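So the structure is just underneath, and the comments pick up after that.
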2 protein chains.
Amino acid sequence: MRNIVVQKFGGTSVADTDKIKNVAKAVIREKSLGNNVVVVVSAMGHTTDVLVKLANEITSNPSGREMDMLLSTGEGVTIALLAMALQAQGCNAVSMNAMQVGIITENVHSKARILDIKTDKIYQHLDNGEVVVIAGFQGVTNDFEITTLGRGGSDTSAVALAGALNAKRCDIYTDVNGVYTTDPRIVPHATRLKEISYEEMMELANGGANVLHPRAVETATIHKTPVRVRSTFKLEDAGTLILGVDEMELHRPVTGVALDMSQLRIVVCDVPDNPGVAAALFDSLANENISIDMIIQSYARKDLNTNDIAFTIDKADLNSALKVLDKLKSTINYSNVFVDDKIAKLSAVGAGMVGRPGIAAKMFRTLANLGINIKMISTSEIKISCLVDKDNADEAVSALHSVFGLDSSEIAEVKGDLPNI
Amino acid sequence: MRNIVVQKFGGTSVADTDKIKNVAKAVIREKSLGNNVVVVVSAMGHTTDVLVKLANEITSNPSGREMDMLLSTGEGVTIALLAMALQAQGCNAVSMNAMQVGIITENVHSKARILDIKTDKIYQHLDNGEVVVIAGFQGVTNDFEITTLGRGGSDTSAVALAGALNAKRCDIYTDVNGVYTTDPRIVPHATRLKEISYEEMMELANGGANVLHPRAVETATIHKTPVRVRSTFKLEDAGTLILGVDEMELHRPVTGVALDMSQLRIVVCDVPDNPGVAAALFDSLANENISIDMIIQSYARKDLNTNDIAFTIDKADLNSALKVLDKLKSTINYSNVFVDDKIAKLSAVGAGMVGRPGIAAKMFRTLANLGINIKMISTSEIKISCLVDKDNADEAVSALHSVFGLDSSEIAEVKGDLPNI
């Protein structure tokens with residue numbers, strides 16, 4: 001065992017040279033605990049925005065290949081500066097871009113998935129006593145083309161590296177100090193979780209808790225890498241540890257309440273009740289790369305042999321979705337389309353709800369008591385989601401947080417306490 | 001024969017996105033003449049200065065390896081933007097960094113020399129009808145370490161690529177429209193040369209004519225690649241063609257007069273006339289990487305068995321040189337050191353002076369007639385250099401320009417005329 005810890009620092013953590021020097025301190029602190037350290041960094045602050053602006057000055061439609069070539073320079077700057085900062089503080093360090101490491105991805109631009117990570121050179125440097133500083137967000141194909149990983153890319157790089165290197169932990173340093181039971185901006189007494197399972201984190205992340213990208217959580221699950229989310233600016237805080245449900249100390253029925261305001265609901269009305277209609281509809285939407293979240297097919301008008309099909313999509317996909325529906329009008333013969341963008345999706349998430357009946361009922365009753373109408377419901381093993389009017393969202397989150405016993409704080413017990421893994 | 005032309009555009013030619021769009025026009029123009037085009041670009045405008053400033057904010061002494069990693073990102077931005085600009089103007093194009101091409105250098109940072117260039121991928125892209133846009137100034141070792149080539153690096157990249165690809169010409173686009181008989185800021189009627197030989201260009205470049213770096217000229221000589229120096233901003237000008245002396249149309253005894261104000265003279269006084277003293281002195285200076293230009297050992301004090309040894313070095317090397325001399329004081333027993341930084345070096349350069357006696361005499365007489373004292377003289381096959389007081393420099397250059405028949409203009413005959421190669 002090489003005792004490897006992977007640390008990831010995002011753009012705001014490396015926004016200027018003073019912040020990079022502070023990051024170097026956090027790296028040296030981790031190394032001084034006897035660990036071999038691999039650091040993954042993003043581009044500095046607004047670098048990516050500046051590069052995108054330059055590209056847009058050239059053309060409104062840059063090719064994915066050249067965009068990836070352009071954007072990959074951003075992390076090249078950060079890795080060099082952080083390696084310099086470490087060396088200046090007396091710590092041996094070496095920077096590597098994705099091509100040098102061999103972070104092999106699919107041959108797709110702007111949203112490639114990692115296929116393989118070569119570890120031999122990283123191990124060589126670690127065995128030389130060096131900290132290895134690696135460019136996040138970028139990869140390289142087997143044909144030596146530069147790719148980028150898309151949204152959440154640097155988080156994914158870090159977690160994938162931790163998995164490939166068999167690291168004992170991956171620390172995601174960010175501008176929040178952990179994962180909360182719900183958004184602290186809505187519920188001021190939201191409490192920070194000491195631990196959360198991969199599955200719960202995935203449901204929370206998909207539900208709009210923007211702490212860690214779902215792709216990164218998914219990647220962690222594969223190798224069962226413990227991931228800690230912690231603050232770059234409060235190194236004394238232990239943050240939240242994301243790990244397998246088996247290793248968790250505590251199982252509450254509900255771990256967190258998530259709120260997602262990024263979706264809208266489309267209702268396709270009076271669709272004839274023939275086989276294959278839903279397939280035709282959702283196939284066509286999938287072909288346009290439109291992700292569907294919740295789906296309900298009602299049987300309200302069985303006398304007329306028609307259904308209403310309602311589903312939710314990301315607000316950004318509205319125009320594409322309407323185009324698809326317009327094309328399908330003659331094929332599936334619906335009467336009209338109704339768009340509702342005043343919705344909010346509430347989710348109660350908890351690995352502990354498996355085998356504990358009554359959680360859903362408690363949720364519905366709480367909302368009913370507040371006079372809040374539920375527009376759609378969907379459930380998974382560890383999540384119950386309700387669509388409500390967005391004007392009721394804050395009140396609903398607050399009530400659910402309370403009903404599920406999340407108001408009591410357990411931050412005090414973890415502050416300053418670095419779990420022994 | 002693939003009819004390849006290599007075009008190189010420096011930092012001022014790609015300083016902003018509008019300029020990059022103009023560069024794309026110049027590339028498309030070359031391609032429309034039926035050529036396969038490979039483009040080499042530098043970092044945009046002041047990018048390198050900005051990156052150096054960031055590094056200096058981190059540490060006053062960044063490692064060469066990390067500095068090269070940092071600086072190499074600059075060209076990464078330019079190649080992507082230029083490829084986008086070409087695509088936007090309907091021209092197929094692809095960007096490649098040095099690692100992707102395989103521009104193999106020595107394992108030395110900040111001033112590596114190119115050892116080998118892989119051509120297979122470039123040929124593949126050219127055979128696909130694509131313009132290949134390559135990052136200048138950078139290379140990669142066989143161990144996959146990123147290197148940079150130092151001063152004049154992008155020029156050297158371009159000329160070396162032209163050689164490796166067996167290109168029919170390498171065009172260096174810059175902010176001047178050719179090579180002049182002398183500096184037009186000193187002699188307003190300096191004339192632009194239609195042609196100049198590699199050897200003459202080398203002597204002029206070393207003598208301070210900052211148009212093309214001597215390393216690039218040297219590289220061109222190896223493969224006998226014709227190099228054209230021309231203006232990015234006056235595409236109608238044919239510029240100056242640098243080629244083998246055998247292919248030149250015209251042989252004047254003197255092709256140009258160069259002025260170099262970047263040196264200073266050091267005189268080491270009363271050095272005992274023992275064997276090995278000069279060797280000890282210049283070995284020690286070489287060990288500190290100090291380049292010596294002119295050397296004179298006088299025998300003025302033969303009665304005392306001592307010499308004065310005078311030599312010229314770059315002003316930037318003064319402190320290092322004085323340290324070396326201080327250390328040698330006890331070994332070589334000189335009396336004192338005299339530094340003269342008020343000097344200028346004048347050089348008359350011409351391949352045609354080989355076998356034509358009297359050029360040196362004419363130069364000395366001209367200076368004598370003006371009452372200008374010559375402090376040192378050095379000569380090569382095709383160059384005569386005199387060190388004079390810097391206050392006399394402009395007057396001397398002007399007089400020599402006139403005496404050697406360079407005042408007559410031949411610009412008119414080449415304007416707009418693209419030589420047929």
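In the structure tokens, each chain is lettered A, B, ... as it comes, each chain's residues begin at 1, and ligands are numbered from 1 in order of appearance.
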### Task
With a distance cut-off of 6 Å and only C-alpha atoms, select the neighbouring residues of Ile384 (chain B), excluding the residue or stretch itself and same-chain residues fewer than 5 positions from it, and output the selection as number ranges by chain.
B: 347-348, 379
Using N, CA, C and O atoms, can you write the selected residues to a file as a PDB file, in the first residue's frame?
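Listing of selection-v1.pdb after writing:
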ATOM      1  N   SER B 347      29.489  46.138 -38.391  1.00  0.00           N
ATOM      2  CA  SER B 347      29.934  45.030 -39.231  1.00  0.00           C
ATOM      3  C   SER B 347      29.517  45.261 -40.672  1.00  0.00           C
ATOM      4  O   SER B 347      28.369  45.613 -40.937  1.00  0.00           O
ATOM      5  N   ALA B 348      30.465  45.063 -41.575  1.00  0.00           N
ATOM      6  CA  ALA B 348      30.128  45.025 -42.999  1.00  0.00           C
ATOM      7  C   ALA B 348      30.091  43.556 -43.387  1.00  0.00           C
ATOM      8  O   ALA B 348      31.038  42.812 -43.115  1.00  0.00           O
ATOM      9  N   THR B 379      37.503  39.738 -37.966  1.00  0.00           N
ATOM     10  CA  THR B 379      37.084  39.457 -39.338  1.00  0.00           C
ATOM     11  C   THR B 379      36.709  37.987 -39.476  1.00  0.00           C
ATOM     12  O   THR B 379      37.181  37.142 -38.734  1.00  0.00           O
TER      13      THR B 379
END
### Task
Write out as JSON, numbers by chain all residues of region 67-98 of chain B that DSSP puts in alpha helix (DSSP H) for this structure's backbone.
{"B": [67, 68, 69, 70, 71, 72, 73, 74, 75, 76, 77, 78, 79, 80, 81, 82, 83, 84, 85, 86, 87, 88, 98]}
Please tabulate, as CSV, the residues of chain B that come within 6 Å of chain A, each with its closest pair of atoms and the distance in Å to one decimal, counting only C-alpha atoms and ordering rows by chain, then residue number upward.
residue,atom,partner,partner_atom,distance
B:Ile58,CA,A:Ala85,CA,5.7
B:Pro62,CA,A:Met84,CA,5.8
B:Glu66,CA,A:Ala80,CA,5.0
B:Met69,CA,A:Ala80,CA,5.9
B:Leu70,CA,A:Val77,CA,5.1
B:Thr73,CA,A:Thr73,CA,5.1
B:Val77,CA,A:Leu70,CA,5.1
B:Ala80,CA,A:Glu66,CA,5.0
B:Met84,CA,A:Pro62,CA,5.8
B:Ala85,CA,A:Ile58,CA,5.7
Requested write-out: all heavy atoms of the selected residues, as a PDB file, in the first residue's frame:
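Generated output (selection01.pdb):
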ATOM      1  N   ILE B  58       4.641  33.643  -7.783  1.00  0.00           N
ATOM      2  CA  ILE B  58       4.740  32.413  -6.987  1.00  0.00           C
ATOM      3  C   ILE B  58       6.136  32.283  -6.381  1.00  0.00           C
ATOM      4  O   ILE B  58       6.290  32.005  -5.197  1.00  0.00           O
ATOM      5  CB  ILE B  58       4.450  31.178  -7.871  1.00  0.00           C
ATOM      6  CG1 ILE B  58       3.024  31.200  -8.403  1.00  0.00           C
ATOM      7  CG2 ILE B  58       4.765  29.890  -7.122  1.00  0.00           C
ATOM      8  CD1 ILE B  58       1.979  30.647  -7.467  1.00  0.00           C
ATOM      9  N   PRO B  62      11.594  29.896 -10.329  1.00  0.00           N
ATOM     10  CA  PRO B  62      10.830  28.729 -10.782  1.00  0.00           C
ATOM     11  C   PRO B  62      11.728  27.709 -11.485  1.00  0.00           C
ATOM     12  O   PRO B  62      12.704  28.093 -12.126  1.00  0.00           O
ATOM     13  CB  PRO B  62       9.819  29.325 -11.766  1.00  0.00           C
ATOM     14  CG  PRO B  62      10.431  30.605 -12.227  1.00  0.00           C
ATOM     15  CD  PRO B  62      11.270  31.113 -11.108  1.00  0.00           C
ATOM     16  N   GLU B  66       8.950  23.358 -14.827  1.00  0.00           N
ATOM     17  CA  GLU B  66       7.606  23.909 -14.640  1.00  0.00           C
ATOM     18  C   GLU B  66       7.414  25.177 -15.468  1.00  0.00           C
ATOM     19  O   GLU B  66       6.313  25.475 -15.924  1.00  0.00           O
ATOM     20  CB  GLU B  66       7.326  24.158 -13.160  1.00  0.00           C
ATOM     21  CG  GLU B  66       7.389  22.897 -12.301  1.00  0.00           C
ATOM     22  CD  GLU B  66       6.506  21.760 -12.813  1.00  0.00           C
ATOM     23  OE1 GLU B  66       5.479  22.041 -13.453  1.00  0.00           O
ATOM     24  OE2 GLU B  66       6.868  20.584 -12.596  1.00  0.00           O
ATOM     25  N   MET B  69       6.456  23.970 -18.834  1.00  0.00           N
ATOM     26  CA  MET B  69       5.051  23.528 -18.798  1.00  0.00           C
ATOM     27  C   MET B  69       4.125  24.748 -18.890  1.00  0.00           C
ATOM     28  O   MET B  69       3.161  24.768 -19.651  1.00  0.00           O
ATOM     29  CB  MET B  69       4.798  22.753 -17.498  1.00  0.00           C
ATOM     30  CG  MET B  69       3.362  22.341 -17.271  1.00  0.00           C
ATOM     31  SD  MET B  69       2.777  21.041 -18.365  1.00  0.00           S
ATOM     32  CE  MET B  69       3.343  19.586 -17.485  1.00  0.00           C
ATOM     33  N   LEU B  70       4.461  25.775 -18.105  1.00  0.00           N
ATOM     34  CA  LEU B  70       3.641  26.988 -18.064  1.00  0.00           C
ATOM     35  C   LEU B  70       3.636  27.701 -19.424  1.00  0.00           C
ATOM     36  O   LEU B  70       2.570  27.994 -19.984  1.00  0.00           O
ATOM     37  CB  LEU B  70       4.193  27.919 -16.976  1.00  0.00           C
ATOM     38  CG  LEU B  70       3.460  29.232 -16.756  1.00  0.00           C
ATOM     39  CD1 LEU B  70       2.077  28.980 -16.180  1.00  0.00           C
ATOM     40  CD2 LEU B  70       4.260  30.148 -15.824  1.00  0.00           C
ATOM     41  N   THR B  73       1.712  26.545 -22.694  1.00  0.00           N
ATOM     42  CA  THR B  73       0.264  26.717 -22.846  1.00  0.00           C
ATOM     43  C   THR B  73      -0.052  27.880 -23.786  1.00  0.00           C
ATOM     44  O   THR B  73      -1.114  27.897 -24.408  1.00  0.00           O
ATOM     45  CB  THR B  73      -0.431  27.002 -21.492  1.00  0.00           C
ATOM     46  OG1 THR B  73       0.074  28.224 -20.949  1.00  0.00           O
ATOM     47  CG2 THR B  73      -0.177  25.877 -20.506  1.00  0.00           C
ATOM     48  N   VAL B  77      -3.103  28.000 -27.018  1.00  0.00           N
ATOM     49  CA  VAL B  77      -4.243  28.894 -27.254  1.00  0.00           C
ATOM     50  C   VAL B  77      -4.256  29.356 -28.714  1.00  0.00           C
ATOM     51  O   VAL B  77      -5.280  29.291 -29.403  1.00  0.00           O
ATOM     52  CB  VAL B  77      -4.187  30.109 -26.301  1.00  0.00           C
ATOM     53  CG1 VAL B  77      -5.239  31.139 -26.675  1.00  0.00           C
ATOM     54  CG2 VAL B  77      -4.345  29.649 -24.851  1.00  0.00           C
ATOM     55  N   ALA B  80      -5.253  26.676 -31.473  1.00  0.00           N
ATOM     56  CA  ALA B  80      -6.684  26.356 -31.490  1.00  0.00           C
ATOM     57  C   ALA B  80      -7.469  27.491 -32.138  1.00  0.00           C
ATOM     58  O   ALA B  80      -8.338  27.260 -32.989  1.00  0.00           O
ATOM     59  CB  ALA B  80      -7.188  26.101 -30.070  1.00  0.00           C
ATOM     60  N   MET B  84      -9.651  27.396 -35.612  1.00  0.00           N
ATOM     61  CA  MET B  84     -11.066  27.801 -35.652  1.00  0.00           C
ATOM     62  C   MET B  84     -11.295  28.869 -36.713  1.00  0.00           C
ATOM     63  O   MET B  84     -12.293  28.837 -37.447  1.00  0.00           O
ATOM     64  CB  MET B  84     -11.495  28.394 -34.304  1.00  0.00           C
ATOM     65  CG  MET B  84     -11.625  27.384 -33.184  1.00  0.00           C
ATOM     66  SD  MET B  84     -12.015  28.271 -31.640  1.00  0.00           S
ATOM     67  CE  MET B  84     -11.742  26.945 -30.451  1.00  0.00           C
ATOM     68  N   ALA B  85     -10.384  29.851 -36.788  1.00  0.00           N
ATOM     69  CA  ALA B  85     -10.544  30.952 -37.753  1.00  0.00           C
ATOM     70  C   ALA B  85     -10.481  30.410 -39.176  1.00  0.00           C
ATOM     71  O   ALA B  85     -11.230  30.853 -40.057  1.00  0.00           O
ATOM     72  CB  ALA B  85      -9.480  32.021 -37.527  1.00  0.00           C
TER      73      ALA B  85
END
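As for CA of Arg29 (chain A) and CA of Val52 (chain B), they are spaced 27.5 Å apart.
Residues lying within 12 Å of Leu33 (chain B), counting only C-alpha atoms and ignoring same-chain neighbours fewer than 2 positions away, are B:Asn3, B:Ile4, B:Val5, B:Ala26, B:Val27, B:Ile28, B:Arg29, B:Glu30, B:Lys31, B:Asn35, B:Asn36, B:Val37, B:Leu418, B:Asn420, B:Ile421.
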Written file, previous selection with all heavy atoms, as a CSV table (one decimal), in the first residue's frame:
chain,number,residue,atom,x,y,z
B,3,ASN,N,4.6,19.9,-52.5
B,3,ASN,CA,4.4,21.4,-52.6
B,3,ASN,C,4.1,22.0,-51.3
B,3,ASN,O,3.1,22.7,-51.1
B,3,ASN,CB,3.3,21.7,-53.6
B,3,ASN,CG,3.9,21.9,-55.0
B,3,ASN,OD1,5.1,22.2,-55.2
B,3,ASN,ND2,3.0,21.7,-56.0
B,4,ILE,N,4.9,21.8,-50.3
B,4,ILE,CA,4.6,22.3,-48.9
B,4,ILE,C,5.3,23.7,-48.7
B,4,ILE,O,6.4,23.9,-49.1
B,4,ILE,CB,5.1,21.3,-47.9
B,4,ILE,CG1,4.3,20.0,-47.9
B,4,ILE,CG2,5.0,21.9,-46.5
B,4,ILE,CD1,4.9,18.9,-47.1
B,5,VAL,N,4.5,24.6,-48.2
B,5,VAL,CA,5.0,25.9,-47.7
B,5,VAL,C,4.7,26.0,-46.2
B,5,VAL,O,3.6,25.7,-45.8
B,5,VAL,CB,4.4,27.0,-48.5
B,5,VAL,CG1,4.8,28.4,-47.8
B,5,VAL,CG2,4.8,27.0,-49.9
B,26,ALA,N,-4.2,35.1,-44.8
B,26,ALA,CA,-2.8,34.9,-45.5
B,26,ALA,C,-2.6,33.4,-45.7
B,26,ALA,O,-1.9,33.0,-46.7
B,26,ALA,CB,-1.7,35.5,-44.6
B,27,VAL,N,-3.1,32.6,-44.8
B,27,VAL,CA,-2.9,31.1,-44.9
B,27,VAL,C,-3.7,30.6,-46.1
B,27,VAL,O,-3.2,29.9,-47.0
B,27,VAL,CB,-3.3,30.4,-43.6
B,27,VAL,CG1,-3.3,28.9,-43.8
B,27,VAL,CG2,-2.4,30.8,-42.5
B,28,ILE,N,-5.0,31.1,-46.2
B,28,ILE,CA,-5.8,30.6,-47.3
B,28,ILE,C,-5.3,31.1,-48.6
B,28,ILE,O,-5.4,30.4,-49.6
B,28,ILE,CB,-7.3,31.1,-47.0
B,28,ILE,CG1,-7.9,30.4,-45.8
B,28,ILE,CG2,-8.2,31.0,-48.2
B,28,ILE,CD1,-9.1,30.9,-45.3
B,29,ARG,N,-4.8,32.3,-48.6
B,29,ARG,CA,-4.2,32.8,-49.9
B,29,ARG,C,-3.0,31.9,-50.4
B,29,ARG,O,-2.9,31.6,-51.5
B,29,ARG,CB,-3.6,34.2,-49.6
B,29,ARG,CG,-2.8,34.8,-50.7
B,29,ARG,CD,-2.3,36.2,-50.3
B,29,ARG,NE,-1.0,36.4,-51.0
B,29,ARG,CZ,-0.6,37.6,-51.4
B,29,ARG,NH1,-1.4,38.7,-51.3
B,29,ARG,NH2,0.6,37.7,-52.0
B,30,GLU,N,-2.2,31.5,-49.4
B,30,GLU,CA,-1.1,30.6,-49.8
B,30,GLU,C,-1.6,29.2,-50.3
B,30,GLU,O,-1.1,28.7,-51.3
B,30,GLU,CB,-0.2,30.4,-48.6
B,30,GLU,CG,1.2,29.7,-48.9
B,30,GLU,CD,2.1,30.6,-49.8
B,30,GLU,OE1,2.3,31.8,-49.4
B,30,GLU,OE2,2.5,30.1,-50.9
B,31,LYS,N,-2.6,28.7,-49.6
B,31,LYS,CA,-3.2,27.4,-50.0
B,31,LYS,C,-3.9,27.6,-51.4
B,31,LYS,O,-3.8,26.6,-52.2
B,31,LYS,CB,-4.2,27.0,-49.0
B,31,LYS,CG,-4.7,25.5,-49.2
B,31,LYS,CD,-5.2,24.9,-47.9
B,31,LYS,CE,-6.0,23.6,-48.2
B,31,LYS,NZ,-5.1,22.6,-48.8
B,35,ASN,N,-0.6,25.2,-52.8
B,35,ASN,CA,0.4,24.7,-51.9
B,35,ASN,C,-0.3,24.0,-50.8
B,35,ASN,O,-1.4,24.3,-50.4
B,35,ASN,CB,1.3,25.8,-51.4
B,35,ASN,CG,2.1,26.4,-52.4
B,35,ASN,OD1,2.8,25.7,-53.2
B,35,ASN,ND2,2.1,27.8,-52.5
B,36,ASN,N,0.4,23.0,-50.2
B,36,ASN,CA,0.0,22.4,-48.9
B,36,ASN,C,0.6,23.3,-47.8
B,36,ASN,O,1.8,23.6,-47.9
B,36,ASN,CB,0.6,21.0,-48.8
B,36,ASN,CG,-0.4,20.0,-49.4
B,36,ASN,OD1,-1.6,20.0,-49.0
B,36,ASN,ND2,0.1,19.1,-50.2
B,37,VAL,N,-0.2,23.7,-46.9
B,37,VAL,CA,0.4,24.7,-45.9
B,37,VAL,C,0.4,24.2,-44.5
B,37,VAL,O,-0.5,23.6,-44.0
B,37,VAL,CB,-0.5,26.0,-46.0
B,37,VAL,CG1,0.0,27.1,-45.1
B,37,VAL,CG2,-0.7,26.5,-47.4
B,418,LEU,N,6.1,38.0,-56.4
B,418,LEU,CA,6.4,36.8,-55.7
B,418,LEU,C,7.3,35.9,-56.5
B,418,LEU,O,6.9,35.3,-57.5
B,418,LEU,CB,5.0,36.0,-55.4
B,418,LEU,CG,4.2,36.5,-54.2
B,418,LEU,CD1,2.8,35.9,-54.3
B,418,LEU,CD2,4.8,36.2,-52.9
B,420,ASN,N,9.2,33.0,-58.2
B,420,ASN,CA,8.6,31.8,-58.7
B,420,ASN,C,9.3,30.5,-58.1
B,420,ASN,O,9.9,29.8,-58.8
B,420,ASN,CB,8.7,31.8,-60.2
B,420,ASN,CG,8.0,30.5,-60.8
B,420,ASN,OD1,7.1,30.0,-60.1
B,420,ASN,ND2,8.5,30.1,-61.9
B,421,ILE,N,9.2,30.4,-56.8
B,421,ILE,CA,9.7,29.1,-56.2
B,421,ILE,C,8.7,28.5,-55.3
B,421,ILE,O,7.7,29.1,-55.0
B,421,ILE,CB,11.0,29.3,-55.3
B,421,ILE,CG1,10.7,30.2,-54.2
B,421,ILE,CG2,12.1,29.9,-56.2
B,421,ILE,CD1,11.7,30.2,-53.1
### Query
Could you pull the residues within 12 Å of Arg365 (chain A), counting only C-alpha atoms, minus those fewer than 4 positions along the same chain, as number ranges by chain?
A: 358-361, 369-374, 396, 399-400, 403
### Message
Neighbouring residues of region 334-345 of chain A were defined as those with any atom within 6 Å, considering only C-alpha atoms; residues of the same chain fewer than 2 positions away were excluded. Please report them as an MDAnalysis selection string.
### Response
chainID A and resid 259:261 264:271 332 386:390
### Task
Tell me which protein, DNA and RNA residues are within 10 Å of region 200-205 of chain A, counting only C-alpha atoms, leaving out same-chain ones fewer than 6 positions away, and put them as a PyMOL selection string.
chain A and resi 179-182+211-218+221+242-245+254-260+347-352+380+382-384
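Here CA of Ile122 (chain A) and CA of Tyr198 (chain A) stand 26.8 Å from one another.
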### Query
Residues at most 12 Å from region 285-299 of chain A, counting only C-alpha atoms, excluding those fewer than 5 positions away in the same chain, as a VMD selection string?
chain A and resid 206 to 207 260 262 to 273 277 to 280 304 to 328 345 375 to 380 384 to 387
#### Entry: Among the residues B:His401, B:Pro357, B:Ala43, B:Arg2, the one that comes closest to Gln124 (chain B) [using only C-alpha atoms]
B:Arg2
